[in-house]
Amino acid sequence: MQHKNLVMTDGLYEYLRSVSIRETEIARRLREETRLLPMAMMQIPPEQAQLMALLVRLIGAKRCLEIGTFTGYSALAVANALPDDGRLICCDISEEWTSIARRYWQEAGVADKIELRLAPAIETLTALLAGGEAGRFDFAFIDADKSGYDAYYEAVLQLLRPGGLIVFDNMFMGGRVIDPEATSEGVDALRQLNAKLRDDPRVDIAMLPIADGVTLAMKR
Ligand code: CA
């Protein structure tokens with residue numbers, strides 16, 4: 001199939017970064033520290049963090065959710081973009097990775113805006129719904145276990161206000177979504193979710209071929 005996307009060469013990518021990335025010094029150090037970890041590929045690239053920060057500002061988000069925090073790079077970008085009275089609830093199950101996150105959030109002066117909930121995300125989302133928080137969030141980033149994405153989507157959709165935005169990460173699964181031999185639970189889950197989102201009348205969507213495939217879904 002013909003398409004008009006440029007092939008992202010290393011040179012072009014370097015250029016993109018050189019003319020567009022406005023990373024804080026603290027964020028850069030967090031990215032560098034994370035890069036040395038065995039799970040480093042779980043960290044989103046700076047251009048994606050910057051896009052998310054822009055989206056947060058664009059919709060005037062004040063109350064945000066993050067499903068899958070890892071070492072806190074994306075949360076740092078979102079928290080930096082929030083007004084002083086903005087709040088971000090981060091869901092993760094790793095004490096180890098999020099302890100790195102906390103250190104940098106503290107240093108960046110955004111720790112007061114972030115509430116980390118160490119528990120399976122679906123429990124946190126269910127508790128928020130039970131606590132009457134439906135329709136009270138503006139923005140959510142979903143980037144945790146892929147087989148859980150659909151359940152996170154359904155819960156987050158209830159928690160968002162109309163006009164609220166969801167950002168889904170890794171929707172290409174490293175390209176495996178189109179590999180017929182790739183049949184892991186996570187890949188199958190995202191194939192199904194991608195097809196579901198295309199036909200879902202509850203949201204307006206756009207799928208961006210940046211990083212590992214990023215889908216934006218705005219609640220109608
Ligand atoms: Ca990811």
# chains A, B, ... in the order shown; residues from 1 in each chain; ligands from 1

$ select_by_dssp --residues "range 1-219 of chain A" --states "strand (DSSP E)" --output "PyMOL selection string"
chain A and resi 63-67+87-92+114-118+137-142+160-168+203-208+214-219

$ write_last_selection --atoms "N, CA and C atoms" --output "short mmCIF file (atom, residue, chain, number, x, y, z; two decimals), in the first residue's frame"
data_model
loop_
_atom_site.label_atom_id
_atom_site.label_comp_id
_atom_site.auth_asym_id
_atom_site.auth_seq_id
_atom_site.Cartn_x
_atom_site.Cartn_y
_atom_site.Cartn_z
N ARG A 63 -6.80 17.18 36.00
CA ARG A 63 -6.78 15.90 36.71
C ARG A 63 -6.43 14.79 35.72
N CYS A 64 -5.30 14.14 35.99
CA CYS A 64 -4.76 13.18 35.03
C CYS A 64 -4.51 11.82 35.68
N LEU A 65 -4.49 10.81 34.82
CA LEU A 65 -4.21 9.44 35.25
C LEU A 65 -3.07 8.88 34.43
N GLU A 66 -2.26 8.06 35.06
CA GLU A 66 -1.24 7.34 34.31
C GLU A 66 -1.29 5.88 34.73
N ILE A 67 -1.45 5.01 33.74
CA ILE A 67 -1.49 3.57 34.00
C ILE A 67 -0.17 2.99 33.52
N ARG A 87 -3.41 17.68 39.28
CA ARG A 87 -3.08 16.44 39.99
C ARG A 87 -2.96 15.28 39.01
N LEU A 88 -1.99 14.41 39.27
CA LEU A 88 -1.76 13.23 38.45
C LEU A 88 -1.72 12.01 39.35
N ILE A 89 -2.60 11.05 39.09
CA ILE A 89 -2.58 9.79 39.83
C ILE A 89 -1.84 8.76 38.99
N CYS A 90 -0.75 8.23 39.53
CA CYS A 90 0.08 7.25 38.82
C CYS A 90 -0.17 5.85 39.37
N CYS A 91 -0.45 4.92 38.48
CA CYS A 91 -0.67 3.53 38.88
C CYS A 91 0.51 2.68 38.43
N ASP A 92 1.09 1.96 39.36
CA ASP A 92 2.18 1.03 39.01
C ASP A 92 2.27 -0.02 40.10
N ILE A 114 1.73 14.77 42.23
CA ILE A 114 1.63 13.37 41.83
C ILE A 114 1.28 12.47 43.01
N GLU A 115 0.30 11.64 42.81
CA GLU A 115 -0.06 10.65 43.82
C GLU A 115 0.19 9.27 43.22
N LEU A 116 1.16 8.56 43.77
CA LEU A 116 1.52 7.24 43.26
C LEU A 116 0.73 6.17 44.00
N ARG A 117 0.02 5.35 43.27
CA ARG A 117 -0.71 4.25 43.90
C ARG A 117 -0.10 2.92 43.47
N LEU A 118 0.58 2.28 44.41
CA LEU A 118 1.24 1.01 44.15
C LEU A 118 0.26 -0.14 44.35
N PHE A 137 -12.02 13.21 35.35
CA PHE A 137 -10.63 13.31 34.88
C PHE A 137 -10.58 13.87 33.47
N ASP A 138 -9.45 14.50 33.14
CA ASP A 138 -9.29 15.17 31.84
C ASP A 138 -8.40 14.40 30.88
N PHE A 139 -7.46 13.64 31.42
CA PHE A 139 -6.40 13.09 30.58
C PHE A 139 -5.91 11.79 31.19
N ALA A 140 -5.60 10.81 30.33
CA ALA A 140 -5.04 9.55 30.83
C ALA A 140 -4.02 9.00 29.84
N PHE A 141 -2.95 8.44 30.39
CA PHE A 141 -1.93 7.77 29.59
C PHE A 141 -1.95 6.30 29.97
N ILE A 142 -2.17 5.43 28.98
CA ILE A 142 -2.23 3.99 29.23
C ILE A 142 -1.00 3.33 28.64
N LEU A 160 -13.16 9.64 32.59
CA LEU A 160 -12.93 10.90 31.87
C LEU A 160 -14.22 11.68 31.69
N ARG A 161 -14.07 12.99 31.60
CA ARG A 161 -15.17 13.86 31.20
C ARG A 161 -15.30 13.80 29.68
N PRO A 162 -16.46 14.18 29.13
CA PRO A 162 -16.53 14.33 27.68
C PRO A 162 -15.47 15.36 27.23
N GLY A 163 -14.76 15.06 26.16
CA GLY A 163 -13.67 15.92 25.72
C GLY A 163 -12.34 15.55 26.35
N GLY A 164 -12.38 14.62 27.30
CA GLY A 164 -11.15 14.14 27.91
C GLY A 164 -10.39 13.24 26.94
N LEU A 165 -9.08 13.14 27.16
CA LEU A 165 -8.22 12.48 26.18
C LEU A 165 -7.46 11.30 26.77
N ILE A 166 -7.43 10.20 26.00
CA ILE A 166 -6.60 9.04 26.38
C ILE A 166 -5.46 8.93 25.37
N VAL A 167 -4.26 8.70 25.88
CA VAL A 167 -3.10 8.40 25.03
C VAL A 167 -2.70 6.96 25.30
N PHE A 168 -2.73 6.15 24.25
CA PHE A 168 -2.32 4.74 24.36
C PHE A 168 -0.93 4.56 23.79
N VAL A 203 -15.64 7.41 21.08
CA VAL A 203 -14.42 8.23 21.03
C VAL A 203 -14.13 8.71 19.61
N ASP A 204 -13.42 9.84 19.50
CA ASP A 204 -12.76 10.24 18.25
C ASP A 204 -11.31 9.83 18.38
N ILE A 205 -10.74 9.28 17.31
CA ILE A 205 -9.37 8.77 17.44
C ILE A 205 -8.45 9.26 16.34
N ALA A 206 -7.15 9.19 16.66
CA ALA A 206 -6.09 9.33 15.66
C ALA A 206 -4.95 8.44 16.11
N MET A 207 -4.41 7.67 15.15
CA MET A 207 -3.26 6.81 15.47
C MET A 207 -2.02 7.44 14.85
N LEU A 208 -1.05 7.73 15.68
CA LEU A 208 0.15 8.42 15.21
C LEU A 208 1.31 7.43 15.06
N VAL A 214 1.23 5.46 18.69
CA VAL A 214 0.53 6.15 19.77
C VAL A 214 -0.87 6.49 19.29
N THR A 215 -1.88 6.02 19.99
CA THR A 215 -3.26 6.34 19.60
C THR A 215 -3.85 7.34 20.58
N LEU A 216 -4.45 8.38 20.01
CA LEU A 216 -5.18 9.37 20.81
C LEU A 216 -6.66 9.05 20.69
N ALA A 217 -7.35 9.05 21.80
CA ALA A 217 -8.80 8.81 21.79
C ALA A 217 -9.46 9.85 22.68
N MET A 218 -10.31 10.68 22.07
CA MET A 218 -11.02 11.70 22.83
C MET A 218 -12.44 11.22 23.11
N LYS A 219 -12.83 11.28 24.36
CA LYS A 219 -14.17 10.86 24.74
C LYS A 219 -15.21 11.84 24.18
#

$ residues_near_ligand --ligand "ligand 1" --cutoff "7 Å" --atoms "only C-alpha atoms and all ligand atoms" --output "PyMOL selection string"
chain A and resi 42-44+143-144+169-170

$ write_last_selection --atoms "all heavy atoms" --output "compact mmCIF listing (two decimals), in the first residue's frame"
# COMPACT_ATOMS: atom_id res chain seq x y z
N MET A 42 11.23 0.34 27.99
CA MET A 42 9.89 0.72 28.44
C MET A 42 9.72 2.24 28.56
O MET A 42 8.61 2.72 28.77
CB MET A 42 9.56 0.06 29.78
CG MET A 42 9.11 -1.38 29.58
SD MET A 42 8.94 -2.35 31.09
CE MET A 42 8.05 -1.27 32.18
N GLN A 43 10.80 2.96 28.46
CA GLN A 43 10.69 4.42 28.60
C GLN A 43 10.30 5.07 27.28
O GLN A 43 10.83 4.74 26.23
CB GLN A 43 12.02 4.99 29.07
CG GLN A 43 12.01 6.51 29.16
CD GLN A 43 13.20 7.01 29.94
OE1 GLN A 43 13.11 7.33 31.11
NE2 GLN A 43 14.33 7.05 29.27
N ILE A 44 9.36 6.00 27.34
CA ILE A 44 8.96 6.68 26.12
C ILE A 44 10.03 7.68 25.70
O ILE A 44 10.77 8.19 26.53
CB ILE A 44 7.60 7.41 26.28
CG1 ILE A 44 7.69 8.55 27.29
CG2 ILE A 44 6.50 6.43 26.66
CD1 ILE A 44 6.49 9.47 27.27
N ASP A 143 -0.16 2.79 29.52
CA ASP A 143 1.13 2.23 29.10
C ASP A 143 1.57 1.17 30.12
O ASP A 143 2.62 1.29 30.73
CB ASP A 143 2.17 3.36 29.00
CG ASP A 143 3.50 2.85 28.47
OD1 ASP A 143 3.52 1.76 27.86
OD2 ASP A 143 4.52 3.55 28.65
N ALA A 144 0.73 0.15 30.30
CA ALA A 144 1.08 -0.91 31.26
C ALA A 144 1.00 -2.26 30.54
O ALA A 144 1.24 -2.32 29.33
CB ALA A 144 0.14 -0.85 32.45
N ASP A 169 -0.06 3.86 24.51
CA ASP A 169 1.30 3.63 24.03
C ASP A 169 1.45 2.22 23.45
O ASP A 169 0.69 1.31 23.78
CB ASP A 169 2.30 3.83 25.17
CG ASP A 169 3.72 4.01 24.67
OD1 ASP A 169 3.89 4.60 23.59
OD2 ASP A 169 4.66 3.56 25.35
N ASN A 170 2.45 2.06 22.59
CA ASN A 170 2.85 0.75 22.04
C ASN A 170 1.78 0.07 21.20
O ASN A 170 1.68 -1.17 21.20
CB ASN A 170 3.29 -0.21 23.16
CG ASN A 170 4.42 0.34 23.98
OD1 ASN A 170 4.23 0.70 25.13
ND2 ASN A 170 5.59 0.43 23.39

$ residues_around --residues "His3 in chain A" --least-positions-apart "3" --cutoff "12 Å" --atoms "only C-alpha atoms" --output "list in words"
Leu6, Val7 and Pro209 of chain A

$ residues_around --residues "Ser94 in chain A" --least-positions-apart "3" --cutoff "8 Å" --atoms "only C-alpha atoms" --output "PyMOL selection string"
chain A and resi 70+97-98+118

$ write_last_selection --atoms "N, CA and C atoms" --output "PDB file, in the first residue's frame"
ATOM      1  N   PHE A  70       6.573   3.174  35.523  1.00  0.00           N
ATOM      2  CA  PHE A  70       7.977   2.808  35.344  1.00  0.00           C
ATOM      3  C   PHE A  70       8.867   3.774  36.138  1.00  0.00           C
ATOM      4  N   TRP A  97      11.071   0.454  40.500  1.00  0.00           N
ATOM      5  CA  TRP A  97      11.159   1.448  39.426  1.00  0.00           C
ATOM      6  C   TRP A  97      10.623   2.805  39.879  1.00  0.00           C
ATOM      7  N   THR A  98       9.500   2.773  40.622  1.00  0.00           N
ATOM      8  CA  THR A  98       8.897   4.054  40.991  1.00  0.00           C
ATOM      9  C   THR A  98       9.691   4.791  42.065  1.00  0.00           C
ATOM     10  N   LEU A 118       0.581   2.283  44.414  1.00  0.00           N
ATOM     11  CA  LEU A 118       1.244   1.007  44.146  1.00  0.00           C
ATOM     12  C   LEU A 118       0.261  -0.135  44.349  1.00  0.00           C
TER      13      LEU A 118
END

$ residues_around --residues "Ala155 in chain A" --least-positions-apart "2" --cutoff "12 Å" --atoms "only C-alpha atoms" --output "ChimeraX atom specification"
/A:65,67,121-130,133-135,137,140,142,148-153,157-160,166

$ select_by_dssp --residues "range 53-210 of chain A" --states "helix (DSSP H, G or I)" --output "number ranges by chain"
A: 53-58, 73-81, 95-108, 111-113, 121-130, 146-159, 173-178, 185-198

$ residues_around --residues "range 186-201 of chain A" --least-positions-apart "3" --cutoff "6 Å" --atoms "only C-alpha atoms" --output "PDB file with N, CA and C atoms, in the first residue's frame"
ATOM      1  N   LYS A 146      -0.041  -5.161  28.369  1.00  0.00           N
ATOM      2  CA  LYS A 146      -0.883  -5.000  27.181  1.00  0.00           C
ATOM      3  C   LYS A 146      -2.186  -5.805  27.264  1.00  0.00           C
ATOM      4  N   SER A 147      -2.143  -6.951  27.947  1.00  0.00           N
ATOM      5  CA  SER A 147      -3.380  -7.732  28.039  1.00  0.00           C
ATOM      6  C   SER A 147      -4.414  -7.036  28.927  1.00  0.00           C
ATOM      7  N   VAL A 177       2.161  -6.377  15.582  1.00  0.00           N
ATOM      8  CA  VAL A 177       0.716  -6.446  15.283  1.00  0.00           C
ATOM      9  C   VAL A 177       0.442  -6.950  13.863  1.00  0.00           C
TER      10      VAL A 177
END

$ residues_around --residues "range 77-79 of chain A" --least-positions-apart "3" --cutoff "10 Å" --atoms "only C-alpha atoms" --output "JSON, numbers by chain"
{"A": [23, 24, 27, 46, 48, 49, 50, 51, 52, 53, 54, 55, 56, 57, 61, 62, 64, 65, 66, 72, 73, 74, 82, 83, 84, 86, 87, 88, 105, 108, 109, 110, 111, 112, 113, 114, 139, 140, 141]}
